[in-house]
>>> print(open('query-v4.txt').read())   # compact mmCIF, C-alpha atoms
# COMPACT_ATOMS: atom_id res chain seq x y z
CA MET A 1 -37.77 -23.41 -5.25
CA ALA A 2 -34.41 -22.44 -3.87
CA THR A 3 -31.92 -21.05 -6.32
CA LYS A 4 -28.35 -22.19 -6.35
CA LYS A 5 -26.07 -19.61 -4.78
CA GLU A 6 -23.40 -18.40 -7.16
CA PRO A 7 -19.90 -19.18 -5.90
CA ARG A 8 -17.91 -16.14 -4.99
CA ARG A 9 -14.55 -15.67 -6.63
CA LYS A 10 -11.31 -14.57 -5.09
CA LEU A 11 -8.35 -12.87 -6.72
CA ALA A 12 -5.44 -11.51 -4.74
CA ILE A 13 -2.23 -9.96 -6.05
CA VAL A 14 0.29 -9.87 -3.22
CA ILE A 15 3.72 -8.28 -3.72
CA GLY A 16 6.53 -7.80 -1.23
CA ILE A 17 9.90 -6.33 -2.24
CA GLY A 18 12.63 -5.96 0.35
CA LYS A 19 15.90 -6.32 -1.58
CA TYR A 20 16.22 -3.52 -4.10
CA ASP A 21 19.06 -3.16 -6.59
CA HIS A 22 19.40 0.60 -6.16
CA PHE A 23 17.36 1.53 -3.08
CA GLU A 24 17.65 1.00 0.65
CA GLU A 25 16.89 -2.61 1.64
CA LEU A 26 13.70 -3.13 3.61
CA GLN A 27 13.52 -5.86 6.25
CA LYS A 28 9.79 -6.58 6.44
CA PRO A 29 8.15 -6.83 2.96
CA GLU A 30 9.02 -10.46 2.21
CA ASN A 31 7.54 -11.64 5.51
CA ASP A 32 4.60 -9.27 5.04
CA ALA A 33 3.75 -10.70 1.62
CA ASN A 34 4.16 -14.35 2.65
CA ASP A 35 2.04 -13.93 5.77
CA MET A 36 -0.62 -11.93 3.93
CA SER A 37 -0.87 -14.62 1.23
CA SER A 38 -1.44 -17.28 3.87
CA ALA A 39 -4.07 -15.19 5.64
CA LEU A 40 -5.97 -14.41 2.44
CA GLU A 41 -6.45 -18.08 1.63
CA LYS A 42 -9.07 -18.07 4.39
CA SER A 43 -10.91 -14.96 3.21
CA GLU A 44 -14.21 -14.49 1.36
CA ASN A 45 -14.76 -13.41 -2.24
CA MET A 46 -12.86 -10.30 -3.24
CA VAL A 47 -10.38 -8.70 -5.57
CA LEU A 48 -7.42 -7.55 -3.53
CA PHE A 49 -4.10 -5.87 -4.32
CA TYR A 50 -1.44 -5.73 -1.60
CA PHE A 51 2.00 -4.16 -1.93
CA ALA A 52 4.80 -3.93 0.64
CA GLY A 53 7.94 -2.16 -0.46
CA HIS A 54 9.13 1.25 -1.57
CA GLY A 55 6.47 3.68 -2.74
CA ILE A 56 6.61 7.37 -3.53
CA GLN A 57 4.34 10.32 -4.24
CA TRP A 58 5.32 12.61 -7.08
CA GLU A 59 3.27 15.37 -8.69
CA ASP A 60 0.03 14.19 -7.08
CA GLN A 61 0.49 10.55 -8.13
CA ASN A 62 1.55 7.45 -6.16
CA TYR A 63 4.22 5.21 -7.64
CA LEU A 64 5.30 1.72 -6.55
CA ILE A 65 8.99 0.98 -7.04
CA PRO A 66 9.99 -2.34 -8.70
CA LYS A 67 13.04 -4.24 -7.47
CA ASP A 68 15.36 -3.35 -10.35
CA THR A 69 14.34 0.29 -10.76
CA PRO A 70 17.43 2.51 -11.14
CA THR A 71 17.98 5.62 -9.06
CA LEU A 72 15.12 7.91 -10.00
CA ASN A 73 14.43 11.50 -10.72
CA GLY A 74 10.90 12.78 -11.05
CA ALA A 75 10.88 12.62 -14.84
CA ASP A 76 11.72 8.88 -14.79
CA LEU A 77 8.79 7.74 -12.66
CA ASN A 78 6.25 7.25 -15.45
CA LYS A 79 8.75 5.07 -17.31
CA ASN A 80 10.45 3.11 -14.52
CA ALA A 81 7.88 2.92 -11.70
CA ILE A 82 4.26 1.71 -11.50
CA ASN A 83 1.41 4.17 -11.12
CA ALA A 84 -0.68 2.84 -8.22
CA GLN A 85 -3.84 4.64 -9.31
CA ASP A 86 -3.68 2.88 -12.70
CA ILE A 87 -3.67 -0.50 -10.93
CA LEU A 88 -6.60 0.49 -8.73
CA ASN A 89 -8.57 1.72 -11.75
CA THR A 90 -7.97 -1.52 -13.67
CA LEU A 91 -8.94 -3.78 -10.77
CA SER A 92 -12.05 -1.76 -10.00
CA ASP A 93 -13.28 -2.13 -13.57
CA HIS A 94 -13.74 -5.88 -12.99
CA LYS A 95 -17.01 -6.71 -11.24
CA SER A 96 -16.40 -8.27 -7.84
CA TYR A 97 -17.99 -8.44 -4.41
CA VAL A 98 -15.40 -5.97 -3.15
CA THR A 99 -12.17 -4.46 -4.45
CA ILE A 100 -9.55 -3.82 -1.78
CA PHE A 101 -6.27 -1.96 -2.32
CA LEU A 102 -3.68 -2.08 0.46
CA LEU A 103 -0.31 -0.30 0.43
CA ASP A 104 2.33 -0.76 3.12
CA SER A 105 4.80 1.51 1.41
CA CYS A 106 4.80 5.01 2.92
CA ARG A 107 8.36 6.23 3.05
CA LYS A 108 10.35 9.41 2.49
CA TYR A 109 12.48 10.12 -0.57
CA HIS A 110 14.59 12.89 -2.00
CA LEU A 111 14.29 12.62 -5.78
CA HIS A 112 16.72 14.33 -8.07
CA ASN A 113 14.94 16.77 -10.35
CA PRO A 114 17.22 18.82 -12.61
CA GLU A 115 14.71 21.63 -13.15
CA ILE A 116 14.07 22.08 -9.44
CA ASP A 117 17.74 21.73 -8.54
CA ALA A 118 18.61 24.43 -11.06
CA ARG A 119 16.26 26.86 -9.32
CA LYS A 120 16.96 25.98 -5.70
CA SER A 121 18.82 23.02 -4.28
CA ASN A 122 16.55 22.63 -1.27
CA GLU A 123 13.25 23.34 -3.05
CA SER A 124 10.44 21.60 -1.17
CA GLY A 125 9.17 20.09 -4.42
CA ALA A 126 12.22 17.83 -4.52
CA LYS A 127 10.93 15.95 -1.50
CA SER A 128 8.23 13.34 -1.38
CA VAL A 129 6.81 12.23 1.93
CA GLY A 130 4.38 9.35 2.17
CA LEU A 131 1.62 8.62 -0.33
CA LYS A 132 -1.45 10.60 -1.34
CA ALA A 133 -5.03 9.50 -0.76
CA MET A 134 -6.45 7.23 -3.48
CA HIS A 135 -10.07 7.01 -4.65
CA LYS A 136 -12.01 4.90 -7.13
CA ALA A 137 -15.76 4.27 -7.16
CA GLY A 138 -16.65 0.85 -5.79
CA SER A 139 -13.34 0.29 -4.06
CA LEU A 140 -11.78 0.50 -0.64
CA SER A 141 -8.15 1.54 -0.29
CA ALA A 142 -5.88 1.80 2.72
CA CYS A 143 -2.35 3.09 3.16
CA ALA A 144 -0.06 2.33 6.07
CA CYS A 145 0.02 6.00 7.03
CA GLU A 146 -1.75 9.28 6.37
CA PRO A 147 -0.90 11.34 3.29
CA GLY A 148 2.28 13.32 3.86
CA THR A 149 3.58 11.07 6.65
CA ILE A 150 5.85 8.02 6.78
CA ALA A 151 5.52 4.46 8.07
CA ILE A 152 7.51 3.00 10.95
CA GLU A 153 9.71 -0.06 10.38
CA GLU A 154 10.82 -1.28 13.80
CA LYS A 155 13.79 -3.59 14.27
CA GLY A 156 13.10 -6.97 15.82
CA GLN A 157 9.58 -7.23 14.38
CA ARG A 158 8.65 -9.81 11.74
CA ASN A 159 6.21 -7.53 9.92
CA GLY A 160 5.67 -3.86 9.25
CA LEU A 161 3.35 -2.27 11.79
CA PHE A 162 0.42 -1.86 9.38
CA THR A 163 0.70 -5.41 8.05
CA LYS A 164 1.14 -6.80 11.56
CA HIS A 165 -2.30 -5.50 12.52
CA LEU A 166 -3.85 -6.45 9.18
CA LEU A 167 -2.82 -10.05 9.82
CA LYS A 168 -4.55 -9.97 13.21
CA HIS A 169 -7.92 -9.02 11.75
CA ILE A 170 -8.22 -9.83 8.05
CA THR A 171 -9.11 -13.50 8.56
CA ILE A 172 -12.06 -12.78 10.88
CA VAL A 173 -15.01 -14.63 9.35
CA ASN A 174 -18.00 -12.55 8.16
CA GLU A 175 -16.50 -9.30 9.43
CA ASP A 176 -17.08 -6.16 7.36
CA ILE A 177 -13.82 -4.99 5.77
CA GLN A 178 -14.39 -1.41 6.95
CA LEU A 179 -14.67 -2.64 10.53
CA ILE A 180 -11.51 -4.68 10.04
CA LEU A 181 -9.62 -1.61 8.84
CA ARG A 182 -11.06 0.42 11.71
CA ASP A 183 -9.56 -2.09 14.15
CA VAL A 184 -6.28 -2.15 12.21
CA THR A 185 -6.10 1.63 12.35
CA LYS A 186 -6.73 1.67 16.10
CA GLY A 187 -4.10 -1.01 16.67
CA VAL A 188 -1.45 0.87 14.69
CA ILE A 189 -2.23 4.16 16.41
CA ASP A 190 -2.13 2.58 19.87
CA GLU A 191 1.11 0.64 19.29
CA SER A 192 2.90 3.57 17.65
CA LYS A 193 1.57 6.06 20.20
CA SER A 194 0.03 8.03 17.33
CA LYS A 195 3.32 8.29 15.41
CA GLN A 196 1.75 6.32 12.56
CA ILE A 197 -1.90 6.67 11.53
CA PRO A 198 -3.23 4.53 8.64
CA TYR A 199 -5.41 6.19 6.03
CA VAL A 200 -8.56 4.46 4.75
CA SER A 201 -10.73 5.61 1.86
CA ALA A 202 -14.02 4.01 0.76
CA SER A 203 -15.64 5.13 -2.50
>>> encode(input="query-v4.txt", output="structure tokens")
Amino acid sequence: MATKKEPRRKLAIVIGIGKYDHFEELQKPENDANDMSSALEKSENMVLFYFAGHGIQWEDQNYLIPKDTPTLNGADLNKNAINAQDILNTLSDHKSYVTIFLLDSCRKYHLHNPEIDARKSNESGAKSVGLKAMHKAGSLSACACEPGTIAIEEKGQRNGLFTKHLLKHITIVNEDIQLILRDVTKGVIDESKSKQIPYVSAS
């Protein structure tokens, strides 16, 4: 006797922030989020988190910057920004077919840190470039660029380069997500002439 197949569930949290109150405006995140939402309506069961906007690495942690976050120094991040690893940990604790974590938010910042500035105004610790690698058992995460590098935002394009190639592949029916991200990575590398290389981590 055939058993009834359990329906797969789908949960996606898609965020795109372009207009910040206190940070440089980004041109692509709103389009990125809208287009990603439309594409994900066609996808299989999953738990997915997608963020396009400002993100920063500080003291070995990745932080996502909300729209109304004031100008930051390193000490403010725990209070005024969102720890990306905490989100990944929470989502991965819920049983799902697959948990996918996508960040199109690798950019460069110079944070004000009074302790560092007091020692040396150009101390390398005052800089944050890109995002660090993220890991959580049972999840797959991908960043728009490798740790320590920044993403390209080209004028005249509707989407960021990473999201542009995600949109090309993420709706492919019955395709393994790791193969999708492999193709996304190749597309970004080819189009950017190796100036931007996405980073993918499967745990």
>>> closest_atom_pairs(input="query-v4.txt", of="range 36-98 of chain A", to="range 17-24 of chain A", cutoff="12 Å", atoms="all atoms listed in the file", output="JSON lines")
{"residue": "A:Tyr50", "atom": "CA", "partner": "A:Ile17", "partner_atom": "CA", "distance": 11.4}
{"residue": "A:Phe51", "atom": "CA", "partner": "A:Ile17", "partner_atom": "CA", "distance": 8.2}
{"residue": "A:Ala52", "atom": "CA", "partner": "A:Ile17", "partner_atom": "CA", "distance": 6.3}
{"residue": "A:Gly53", "atom": "CA", "partner": "A:Ile17", "partner_atom": "CA", "distance": 4.9}
{"residue": "A:His54", "atom": "CA", "partner": "A:Ile17", "partner_atom": "CA", "distance": 7.6}
{"residue": "A:Gly55", "atom": "CA", "partner": "A:Ile17", "partner_atom": "CA", "distance": 10.6}
{"residue": "A:Leu64", "atom": "CA", "partner": "A:Ile17", "partner_atom": "CA", "distance": 10.2}
{"residue": "A:Ile65", "atom": "CA", "partner": "A:Ile17", "partner_atom": "CA", "distance": 8.8}
{"residue": "A:Pro66", "atom": "CA", "partner": "A:Ile17", "partner_atom": "CA", "distance": 7.6}
{"residue": "A:Lys67", "atom": "CA", "partner": "A:Tyr20", "partner_atom": "CA", "distance": 4.7}
{"residue": "A:Asp68", "atom": "CA", "partner": "A:Asp21", "partner_atom": "CA", "distance": 5.3}
{"residue": "A:Thr69", "atom": "CA", "partner": "A:His22", "partner_atom": "CA", "distance": 6.8}
{"residue": "A:Pro70", "atom": "CA", "partner": "A:His22", "partner_atom": "CA", "distance": 5.7}
{"residue": "A:Thr71", "atom": "CA", "partner": "A:His22", "partner_atom": "CA", "distance": 6.0}
{"residue": "A:Leu72", "atom": "CA", "partner": "A:His22", "partner_atom": "CA", "distance": 9.3}
>>> atom_distance(input="query-v4.txt", atom1="CA of His165 in chain A", atom2="CA of Ser92 in chain A")
24.8 Å
>>> closest_residue(input="query-v4.txt", among="A:Ala12, A:Ala33, A:Val184, A:Leu140", to="Met46 in chain A", atoms="all atoms listed in the file")
A:Ala12
>>> closest_residue(input="query-v4.txt", among="A:Glu30, A:Glu153, A:Glu175, A:Glu59", to="Asn73 in chain A", atoms="all atoms listed in the file")
A:Glu59
>>> closest_residue(input="query-v4.txt", among="A:Ile152, A:Leu167, A:Val173, A:Val47", to="Leu26 in chain A", atoms="only C-alpha atoms")
A:Ile152
>>> residues_around(input="query-v4.txt", residues="Ile100 in chain A", least_positions_apart="2", cutoff="7 Å", atoms="all atoms listed in the file", output="ChimeraX atom specification")
/A:47-49,98,102,139-141
>>> write_last_selection(input="query-v4.txt", atoms="C-alpha atoms", output="CSV table (one decimal), in the coordinates of the input")
chain,number,residue,atom,x,y,z
A,47,VAL,CA,-10.4,-8.7,-5.6
A,48,LEU,CA,-7.4,-7.6,-3.5
A,49,PHE,CA,-4.1,-5.9,-4.3
A,98,VAL,CA,-15.4,-6.0,-3.2
A,102,LEU,CA,-3.7,-2.1,0.5
A,139,SER,CA,-13.3,0.3,-4.1
A,140,LEU,CA,-11.8,0.5,-0.6
A,141,SER,CA,-8.2,1.5,-0.3
>>> atom_distance(input="query-v4.txt", atom1="CA of Lys42 in chain A", atom2="CA of Glu154 in chain A")
27.7 Å
>>> atom_distance(input="query-v4.txt", atom1="CA of Gln178 in chain A", atom2="CA of Ser203 in chain A")
11.6 Å
>>> closest_residue(input="query-v4.txt", among="A:Lys136, A:Asp76, A:Lys193, A:Ala142", to="Thr90 in chain A", atoms="all atoms listed in the file")
A:Lys136
>>> closest_residue(input="query-v4.txt", among="A:Thr149, A:Ser105, A:Thr185, A:Asn159", to="Lys28 in chain A", atoms="all atoms listed in the file")
A:Asn159
>>> axis_aligned_box(input="query-v4.txt", around="range 149-168 of chain A", padding_each_side="5 Å", output="lines of an AutoDock Vina configuration file")
center_x = 4.6
center_y = 0.5
center_z = 11.2
size_x = 28.3
size_y = 31.1
size_z = 19.2
>>> residues_around(input="query-v4.txt", residues="Asp86 in chain A", least_positions_apart="2", cutoff="12 Å", atoms="all atoms listed in the file", output="compact mmCIF listing (two decimals) with C-alpha atoms, in the frame of the given file")
# COMPACT_ATOMS: atom_id res chain seq x y z
CA GLN A 61 0.49 10.55 -8.13
CA ASN A 62 1.55 7.45 -6.16
CA TYR A 63 4.22 5.21 -7.64
CA LEU A 64 5.30 1.72 -6.55
CA ASN A 78 6.25 7.25 -15.45
CA ALA A 81 7.88 2.92 -11.70
CA ILE A 82 4.26 1.71 -11.50
CA ASN A 83 1.41 4.17 -11.12
CA ALA A 84 -0.68 2.84 -8.22
CA LEU A 88 -6.60 0.49 -8.73
CA ASN A 89 -8.57 1.72 -11.75
CA THR A 90 -7.97 -1.52 -13.67
CA LEU A 91 -8.94 -3.78 -10.77
CA SER A 92 -12.05 -1.76 -10.00
CA ASP A 93 -13.28 -2.13 -13.57
CA PHE A 101 -6.27 -1.96 -2.32
CA MET A 134 -6.45 7.23 -3.48
CA HIS A 135 -10.07 7.01 -4.65
CA LYS A 136 -12.01 4.90 -7.13
>>> closest_residue(input="query-v4.txt", among="A:Gly148, A:Gly16, A:Phe162, A:Ser201", to="Trp58 in chain A", atoms="all atoms listed in the file")
A:Gly148
